[in-house]
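**Q** Just so it is clear, I am handing over structure07.cif, which has mmCIF, C-alpha atoms.
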```
data_model
loop_
_atom_site.label_atom_id
_atom_site.label_comp_id
_atom_site.auth_asym_id
_atom_site.auth_seq_id
_atom_site.Cartn_x
_atom_site.Cartn_y
_atom_site.Cartn_z
CA GLU A 1 -71.55 -53.27 -82.01
CA THR A 2 -73.36 -55.91 -84.07
CA LEU A 3 -71.96 -58.70 -81.92
CA ALA A 4 -72.95 -56.85 -78.76
CA THR A 5 -76.48 -56.39 -80.10
CA LYS A 6 -76.77 -60.07 -81.01
CA ALA A 7 -75.59 -61.06 -77.55
CA HIS A 8 -78.61 -59.28 -76.06
CA GLU A 9 -81.19 -60.42 -78.62
CA ASP A 10 -83.42 -63.47 -78.67
CA PRO A 11 -82.79 -65.14 -82.06
CA LEU A 12 -86.34 -66.45 -82.52
CA THR A 13 -88.41 -63.38 -81.68
CA GLY A 14 -85.92 -60.54 -82.08
CA LEU A 15 -86.81 -59.32 -78.60
CA ALA A 16 -84.33 -58.56 -75.87
CA ASN A 17 -83.13 -61.70 -74.14
CA ARG A 18 -82.81 -62.46 -70.44
CA ARG A 19 -79.30 -61.01 -70.26
CA LYS A 20 -80.54 -57.70 -71.68
CA PHE A 21 -83.48 -57.73 -69.28
CA ASP A 22 -81.15 -58.07 -66.29
CA LEU A 23 -79.16 -55.05 -67.45
CA VAL A 24 -82.18 -52.87 -68.18
CA ILE A 25 -84.15 -53.70 -65.02
CA ALA A 26 -81.16 -52.64 -62.92
CA GLU A 27 -80.98 -49.33 -64.82
CA ARG A 28 -84.72 -48.66 -64.60
CA LEU A 29 -84.86 -49.43 -60.89
CA ALA A 30 -81.98 -47.04 -60.25
CA GLU A 31 -83.72 -44.35 -62.32
CA ALA A 32 -87.02 -44.88 -60.48
CA SER A 33 -85.24 -44.43 -57.16
CA GLN A 34 -83.39 -41.30 -58.30
CA LYS A 35 -86.41 -39.69 -59.96
CA TRP A 36 -88.87 -40.78 -57.29
CA SER A 37 -91.08 -42.39 -59.95
CA ALA A 38 -93.24 -45.50 -60.18
CA ILE A 39 -92.28 -48.68 -62.02
CA SER A 40 -94.20 -51.81 -62.96
CA LEU A 41 -93.29 -55.28 -64.18
CA MET A 42 -95.32 -57.84 -66.10
CA ILE A 43 -94.59 -61.54 -66.53
CA ILE A 44 -96.49 -63.02 -69.46
CA ASP A 45 -97.00 -66.72 -70.15
CA VAL A 46 -98.69 -68.24 -73.21
CA ASP A 47 -101.48 -70.51 -72.01
CA HIS A 48 -101.32 -74.26 -72.76
CA PHE A 49 -98.33 -73.77 -75.04
CA LYS A 50 -96.98 -77.29 -74.55
CA LEU A 51 -100.29 -78.65 -75.84
CA PHE A 52 -100.02 -76.28 -78.82
CA ASN A 53 -96.55 -77.63 -79.65
CA ASP A 54 -97.69 -81.23 -79.24
CA THR A 55 -100.71 -80.66 -81.47
CA TYR A 56 -99.33 -78.45 -84.24
CA GLY A 57 -95.59 -79.10 -84.07
CA HIS A 58 -92.63 -77.07 -82.89
CA GLN A 59 -92.30 -75.18 -86.16
CA SER A 60 -95.83 -73.84 -85.80
CA GLY A 61 -95.07 -73.16 -82.14
CA ASP A 62 -92.12 -70.98 -83.10
CA GLU A 63 -94.20 -69.09 -85.65
CA CYS A 64 -96.95 -68.66 -83.07
CA LEU A 65 -94.49 -67.05 -80.65
CA GLN A 66 -93.31 -64.69 -83.39
CA HIS A 67 -96.88 -63.55 -84.09
CA LEU A 68 -97.67 -63.12 -80.39
CA THR A 69 -94.42 -61.22 -79.89
CA ARG A 70 -95.51 -58.63 -82.44
CA ALA A 71 -98.92 -58.31 -80.79
CA ILE A 72 -97.36 -57.81 -77.34
CA SER A 73 -94.77 -55.32 -78.56
CA ALA A 74 -97.41 -53.24 -80.33
CA THR A 75 -99.16 -52.50 -77.03
CA ILE A 76 -96.04 -51.31 -75.19
CA SER A 77 -95.19 -47.68 -75.89
CA THR A 78 -93.97 -46.32 -72.54
CA PRO A 79 -90.65 -44.45 -72.92
CA GLY A 80 -87.84 -46.60 -71.57
CA SER A 81 -89.99 -49.76 -71.56
CA LEU A 82 -88.62 -53.16 -72.52
CA VAL A 83 -90.21 -56.37 -73.78
CA ALA A 84 -87.96 -59.40 -73.36
CA ARG A 85 -88.25 -63.12 -73.87
CA TYR A 86 -87.52 -64.61 -70.48
CA GLY A 87 -87.47 -68.22 -71.60
CA GLY A 88 -89.66 -70.63 -73.58
CA GLU A 89 -93.14 -69.12 -73.86
CA GLU A 90 -92.57 -66.61 -71.07
CA PHE A 91 -92.00 -62.88 -71.53
CA VAL A 92 -91.27 -59.96 -69.22
CA VAL A 93 -92.19 -56.31 -69.69
CA ILE A 94 -90.66 -53.38 -67.80
CA LEU A 95 -92.95 -50.34 -67.54
CA PRO A 96 -91.02 -47.40 -66.05
CA GLY A 97 -93.15 -44.50 -64.86
CA GLN A 98 -96.37 -46.53 -64.79
CA ASP A 99 -98.20 -46.91 -61.50
CA GLY A 100 -100.60 -49.73 -60.71
CA ALA A 101 -103.62 -48.26 -62.49
CA GLU A 102 -101.71 -47.38 -65.66
CA ALA A 103 -99.92 -50.72 -65.77
CA ARG A 104 -103.22 -52.58 -65.33
CA VAL A 105 -104.60 -50.87 -68.44
CA THR A 106 -101.45 -51.73 -70.39
CA ALA A 107 -101.61 -55.36 -69.26
CA GLU A 108 -105.26 -55.71 -70.25
CA ASN A 109 -104.56 -54.15 -73.65
CA THR A 110 -101.75 -56.67 -74.13
CA ARG A 111 -103.96 -59.59 -73.17
CA ILE A 112 -106.72 -58.48 -75.55
CA ALA A 113 -104.28 -57.87 -78.41
CA VAL A 114 -102.98 -61.43 -78.14
CA ARG A 115 -106.50 -62.85 -77.85
CA PHE A 116 -107.44 -61.25 -81.16
CA THR A 117 -104.26 -62.24 -83.01
CA SER A 118 -105.22 -64.61 -85.81
CA LEU A 119 -103.07 -67.65 -86.51
CA ASP A 120 -104.98 -68.68 -89.63
CA MET A 121 -101.84 -68.42 -91.74
CA LEU A 122 -100.17 -71.26 -89.85
CA PRO A 123 -100.51 -74.90 -91.00
CA ASN A 124 -103.77 -76.53 -89.88
CA THR A 125 -105.07 -73.09 -88.82
CA PRO A 126 -104.62 -73.37 -85.05
CA PRO A 127 -107.03 -71.43 -82.83
CA ARG A 128 -106.19 -68.04 -81.38
CA GLN A 129 -104.10 -68.20 -78.24
CA THR A 130 -104.43 -66.56 -74.86
CA ILE A 131 -101.94 -65.34 -72.29
CA SER A 132 -101.89 -65.00 -68.54
CA ILE A 133 -100.18 -61.99 -66.96
CA GLY A 134 -98.76 -61.43 -63.50
CA LEU A 135 -98.32 -57.75 -62.64
CA VAL A 136 -96.58 -55.93 -59.82
CA SER A 137 -96.29 -52.17 -59.41
CA CYS A 138 -94.20 -50.12 -57.01
CA GLU A 139 -95.06 -46.53 -56.21
CA ALA A 140 -92.73 -43.58 -56.28
CA GLY A 141 -90.30 -43.49 -53.40
CA SER A 142 -90.01 -47.23 -52.90
CA LEU A 143 -86.63 -48.92 -52.79
CA MET A 144 -87.15 -51.93 -55.04
CA THR A 145 -85.09 -54.92 -56.09
CA ARG A 146 -85.18 -57.04 -59.21
CA ASP A 147 -85.71 -60.22 -57.23
CA ALA A 148 -88.57 -58.79 -55.15
CA MET A 149 -90.43 -57.61 -58.25
CA LEU A 150 -89.88 -60.87 -60.15
CA THR A 151 -91.03 -62.93 -57.18
CA ALA A 152 -94.19 -60.85 -56.75
CA ALA A 153 -95.02 -60.83 -60.49
CA ASP A 154 -94.41 -64.58 -60.71
CA ALA A 155 -96.74 -65.18 -57.76
CA ALA A 156 -99.40 -63.08 -59.51
CA LEU A 157 -98.89 -65.08 -62.72
CA TYR A 158 -99.38 -68.31 -60.81
CA GLU A 159 -102.62 -66.93 -59.40
CA ALA A 160 -103.79 -65.95 -62.91
CA LYS A 161 -103.20 -69.54 -64.06
CA LYS A 162 -104.96 -70.89 -61.01
CA GLN A 163 -108.02 -68.70 -61.66
CA GLY A 164 -108.45 -70.09 -65.17
CA ARG A 165 -105.88 -68.34 -67.41
CA ASN A 166 -106.50 -65.62 -70.03
CA ARG A 167 -106.47 -62.91 -67.36
CA VAL A 168 -104.35 -60.32 -65.60
CA CYS A 169 -103.64 -60.81 -61.91
CA VAL A 170 -102.11 -57.97 -59.88
CA TYR A 171 -99.97 -58.86 -56.91
CA SER A 172 -101.88 -56.60 -54.51
CA ASP A 173 -105.16 -58.23 -55.59
CA MET A 174 -103.98 -61.61 -54.31
CA SER A 175 -104.45 -60.77 -50.64
CA ARG A 176 -107.41 -62.38 -48.99
CA PRO A 177 -110.47 -60.07 -48.74
CA HIS A 178 -109.91 -59.33 -45.04
CA ARG A 179 -106.25 -58.44 -45.51
CA GLN A 180 -104.77 -55.23 -46.84
CA LEU A 181 -101.30 -54.22 -47.93
CA PHE A 182 -99.69 -51.77 -45.52
CA ARG A 183 -96.79 -49.37 -45.98
CA PRO A 184 -95.23 -48.67 -42.55
CA ASP A 185 -94.42 -45.02 -41.92
CA PRO A 186 -91.19 -44.49 -39.97
CA ASP A 187 -92.78 -41.41 -38.38
CA MET A 188 -95.62 -43.39 -36.81
CA THR A 189 -95.73 -43.38 -33.02
CA PRO A 190 -95.24 -46.69 -31.19
CA SER A 191 -98.94 -46.86 -30.29
CA GLU A 192 -99.95 -46.31 -33.92
CA LEU A 193 -97.56 -49.01 -35.10
CA ARG A 194 -98.84 -51.44 -32.47
CA SER A 195 -102.38 -50.76 -33.56
CA ARG A 196 -101.59 -51.44 -37.22
CA SER A 197 -99.38 -54.46 -36.55
CA ASN A 198 -102.12 -56.04 -34.43
CA SER A 199 -104.59 -55.67 -37.29
CA ASP A 200 -104.70 -58.24 -40.07
CA ILE A 201 -102.26 -56.68 -42.54
CA SER A 202 -99.49 -57.76 -44.88
CA LEU A 203 -96.50 -55.80 -46.18
CA ASN A 204 -96.03 -54.97 -49.83
CA PRO A 205 -92.56 -56.43 -50.61
CA CYS A 206 -91.69 -53.39 -52.70
CA TYR A 207 -91.79 -51.29 -49.55
CA LEU A 208 -89.99 -53.79 -47.33
CA THR A 209 -86.45 -52.83 -48.27
CA CYS A 210 -87.23 -49.12 -47.95
CA TRP A 211 -88.87 -49.63 -44.55
CA LEU A 212 -86.03 -51.72 -43.16
CA THR A 213 -83.49 -49.16 -44.38
CA ARG A 214 -85.33 -46.34 -42.66
CA LEU A 215 -85.75 -48.51 -39.59
CA SER A 216 -82.02 -49.13 -39.32
CA VAL A 217 -81.43 -45.37 -39.42
CA SER A 218 -84.14 -44.79 -36.88
CA LEU A 219 -82.63 -47.32 -34.50
CA LEU A 220 -79.45 -45.25 -34.43
CA THR A 221 -81.37 -42.29 -33.05
CA SER A 222 -82.97 -41.73 -29.68
CA ARG A 223 -86.30 -42.50 -31.29
CA GLY A 224 -85.03 -46.00 -32.01
CA CYS A 225 -85.61 -47.20 -28.47
CA ARG A 226 -89.32 -46.38 -28.75
CA TRP A 227 -89.48 -48.06 -32.17
CA PHE A 228 -87.83 -51.28 -31.12
CA GLY A 229 -90.41 -52.13 -28.51
CA ALA A 230 -93.27 -51.43 -30.89
CA ILE A 231 -92.24 -53.57 -33.82
CA ARG A 232 -93.88 -56.88 -34.60
CA PHE A 233 -92.68 -58.64 -37.73
CA ARG A 234 -95.42 -60.37 -39.66
CA HIS A 235 -95.38 -62.73 -42.62
CA ILE A 236 -95.79 -61.09 -46.02
#
```
Can the structure in the file be given as structure tokens, please?
**A**
Amino acid sequence: ETLATKAHEDPLTGLANRRKFDLVIAERLAEASQKWSAISLMIIDVDHFKLFNDTYGHQSGDECLQHLTRAISATISTPGSLVARYGGEEFVVILPGQDGAEARVTAENTRIAVRFTSLDMLPNTPPRQTISIGLVSCEAGSLMTRDAMLTAADAALYEAKKQGRNRVCVYSDMSRPHRQLFRPDPDMTPSELRSRSNSDISLNPCYLTCWLTRLSVSLLTSRGCRWFGAIRFRHI
């Protein structure tokens, strides 16, 4: 049991490692699908961490990560949640049962907690650090995949860095102002679907798998013929 625990633990921070994350995200996604519940995922990156290492040394960098790990973990209390070190100065957080609004609050609390974590005890008293967070949330009833969520959260993280760091960026917020995310309803009539597909919309990737699954079933029915002529695939 001890060896199994060590195999899933990051030796520096004591958090779950990437292997453990892969196991848990698969379990939580399956549970969300079975229970018809929401799930959210955060990717966290420490801002300018290479510069920190170059300035204060790798030993101080390791100690910095340990302090920030404790600050991050203290803000995550959702049952079934997981904080894992994904690699280097990057962390991932699984938030089962949290929808977009709840996860946004959690992410902001995490960002603020890190911002106010003092590093005065480290050699040369480095300044307090900041983090950038990419967040994606999928509502109840969506069929989600690990890769789709990671890709969306990573894109949101990139946007947070691009906007100046020390902020939370939500995947749905990244759409241009005149675009909106759209969840296709398999019960929509062909005319309704044409109307929506002709508007300037983009699909939330967390719904894409669910929609395509329902579409494949629909195509096997008599209604499928009406559907097929109405569909227009658009870029996400």
**Q** Counting only C-alpha atoms, what is within 8 Å of region 131-145 of chain A, bar same-chain residues fewer than 2 positions away, as a ChimeraX atom specification?
**A** /A:29,32-33,36-47,98-100,103-104,107,111,114-115,129,147-149,152-161,165-172,206-207,209-210
**Q** Please tabulate, as a tab-separated table, the residues of region 110-164 of chain A that come within 12 Å of region 67-70 of chain A, each with its closest pair of atoms and the distance in Å to one decimal, counting all atoms listed in the file and ordering rows by chain, then residue number upward.
**A**
```
residue	atom	partner	partner_atom	distance
A:Thr110	CA	A:Leu68	CA	9.9
A:Arg111	CA	A:Leu68	CA	10.2
A:Ile112	CA	A:Leu68	CA	11.3
A:Ala113	CA	A:Leu68	CA	8.7
A:Val114	CA	A:Leu68	CA	6.0
A:Arg115	CA	A:Leu68	CA	9.2
A:Phe116	CA	A:Leu68	CA	10.0
A:Thr117	CA	A:Leu68	CA	7.1
A:Ser118	CA	A:His67	CA	8.6
A:Leu119	CA	A:His67	CA	7.8
A:Asp120	CA	A:His67	CA	11.1
A:Met121	CA	A:His67	CA	10.3
A:Leu122	CA	A:His67	CA	10.2
A:Arg128	CA	A:Leu68	CA	9.9
A:Gln129	CA	A:Leu68	CA	8.5
A:Thr130	CA	A:Leu68	CA	9.4
A:Ile131	CA	A:Leu68	CA	9.4
```
**Q** Just how far from CA of Glu9 (chain A) is CA of Val93 (chain A), in Å to one decimal?
**A**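 Result for CA of Val93 (chain A) versus CA of Glu9 (chain A): 14.8 Å, one decimal.
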**Q** Between CA of Thr2 (chain A) and CA of Arg85 (chain A), what is the distance, to one decimal in Å?
**A**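 Pair CA of Thr2 (chain A) / CA of Arg85 (chain A) returns 19.4 Å.
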**Q** If I take CA of Glu89 (chain A) and CA of Lys20 (chain A), how far is one from the other in Å, to one decimal?
**A**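 Taking CA of Glu89 (chain A) as the start and CA of Lys20 (chain A) as the end point, the length is 17.1 Å.
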**Q** Using the file's own x, y and z axes, so that the box edges lie along x, y and z, what centre and edge lengths in Å (one decimal) does a box around every listed atom of region 101-120 of chain A get when 6 Å is added on each side? Give it as lines of an AutoDock Vina configuration file.
**A**
```
center_x = -103.7
center_y = -58.0
center_z = -76.1
size_x = 19.5
size_y = 33.3
size_z = 39.1
```
**Q** Name the residues captured by the PyMOL selection byres ((chain A and resi 24) around 12) when it is applied to the shown file; answer as a count of residues only.
**A** 27
**Q** Which residues are near Gly57 (chain A)? Cut-off 10 Å, only C-alpha atoms, ignore same chain within fewer than 6 positions. Put them as a count of residues only.
**A** 3
**Q** Any chance you could model N, CA and C atoms for region 142-158 of chain A and send them as a PDB file, in the coordinates of the input?
**A**
```pdb
ATOM      1  N   SER A 142     -90.348 -45.920 -53.430  1.00  0.00           N
ATOM      2  CA  SER A 142     -90.010 -47.230 -52.900  1.00  0.00           C
ATOM      3  C   SER A 142     -88.599 -47.618 -53.312  1.00  0.00           C
ATOM      4  N   LEU A 143     -87.912 -48.327 -52.426  1.00  0.00           N
ATOM      5  CA  LEU A 143     -86.630 -48.920 -52.790  1.00  0.00           C
ATOM      6  C   LEU A 143     -86.918 -50.350 -53.218  1.00  0.00           C
ATOM      7  N   MET A 144     -86.724 -50.654 -54.493  1.00  0.00           N
ATOM      8  CA  MET A 144     -87.150 -51.930 -55.040  1.00  0.00           C
ATOM      9  C   MET A 144     -85.963 -52.748 -55.511  1.00  0.00           C
ATOM     10  N   THR A 145     -86.130 -54.053 -55.560  1.00  0.00           N
ATOM     11  CA  THR A 145     -85.090 -54.920 -56.090  1.00  0.00           C
ATOM     12  C   THR A 145     -85.663 -55.758 -57.225  1.00  0.00           C
ATOM     13  N   ARG A 146     -84.785 -56.170 -58.101  1.00  0.00           N
ATOM     14  CA  ARG A 146     -85.180 -57.040 -59.210  1.00  0.00           C
ATOM     15  C   ARG A 146     -85.842 -58.306 -58.693  1.00  0.00           C
ATOM     16  N   ASP A 147     -85.202 -58.947 -57.724  1.00  0.00           N
ATOM     17  CA  ASP A 147     -85.710 -60.220 -57.230  1.00  0.00           C
ATOM     18  C   ASP A 147     -87.075 -60.078 -56.573  1.00  0.00           C
ATOM     19  N   ALA A 148     -87.280 -58.992 -55.818  1.00  0.00           N
ATOM     20  CA  ALA A 148     -88.570 -58.790 -55.150  1.00  0.00           C
ATOM     21  C   ALA A 148     -89.680 -58.606 -56.180  1.00  0.00           C
ATOM     22  N   MET A 149     -89.405 -57.842 -57.226  1.00  0.00           N
ATOM     23  CA  MET A 149     -90.430 -57.610 -58.250  1.00  0.00           C
ATOM     24  C   MET A 149     -90.723 -58.882 -59.042  1.00  0.00           C
ATOM     25  N   LEU A 150     -89.677 -59.621 -59.403  1.00  0.00           N
ATOM     26  CA  LEU A 150     -89.880 -60.870 -60.150  1.00  0.00           C
ATOM     27  C   LEU A 150     -90.664 -61.884 -59.322  1.00  0.00           C
ATOM     28  N   THR A 151     -90.331 -61.977 -58.049  1.00  0.00           N
ATOM     29  CA  THR A 151     -91.030 -62.930 -57.180  1.00  0.00           C
ATOM     30  C   THR A 151     -92.501 -62.573 -57.065  1.00  0.00           C
ATOM     31  N   ALA A 152     -92.800 -61.285 -56.884  1.00  0.00           N
ATOM     32  CA  ALA A 152     -94.190 -60.850 -56.750  1.00  0.00           C
ATOM     33  C   ALA A 152     -94.955 -61.038 -58.062  1.00  0.00           C
ATOM     34  N   ALA A 153     -94.351 -60.679 -59.199  1.00  0.00           N
ATOM     35  CA  ALA A 153     -95.020 -60.830 -60.490  1.00  0.00           C
ATOM     36  C   ALA A 153     -95.239 -62.308 -60.816  1.00  0.00           C
ATOM     37  N   ASP A 154     -94.279 -63.144 -60.455  1.00  0.00           N
ATOM     38  CA  ASP A 154     -94.410 -64.580 -60.710  1.00  0.00           C
ATOM     39  C   ASP A 154     -95.530 -65.176 -59.857  1.00  0.00           C
ATOM     40  N   ALA A 155     -95.651 -64.713 -58.622  1.00  0.00           N
ATOM     41  CA  ALA A 155     -96.740 -65.180 -57.760  1.00  0.00           C
ATOM     42  C   ALA A 155     -98.097 -64.768 -58.337  1.00  0.00           C
ATOM     43  N   ALA A 156     -98.160 -63.550 -58.882  1.00  0.00           N
ATOM     44  CA  ALA A 156     -99.400 -63.080 -59.510  1.00  0.00           C
ATOM     45  C   ALA A 156     -99.714 -63.892 -60.760  1.00  0.00           C
ATOM     46  N   LEU A 157     -98.687 -64.237 -61.530  1.00  0.00           N
ATOM     47  CA  LEU A 157     -98.890 -65.080 -62.720  1.00  0.00           C
ATOM     48  C   LEU A 157     -99.444 -66.439 -62.328  1.00  0.00           C
ATOM     49  N   TYR A 158     -98.896 -67.020 -61.287  1.00  0.00           N
ATOM     50  CA  TYR A 158     -99.380 -68.310 -60.810  1.00  0.00           C
ATOM     51  C   TYR A 158    -100.862 -68.222 -60.428  1.00  0.00           C
TER      52      TYR A 158
END
```
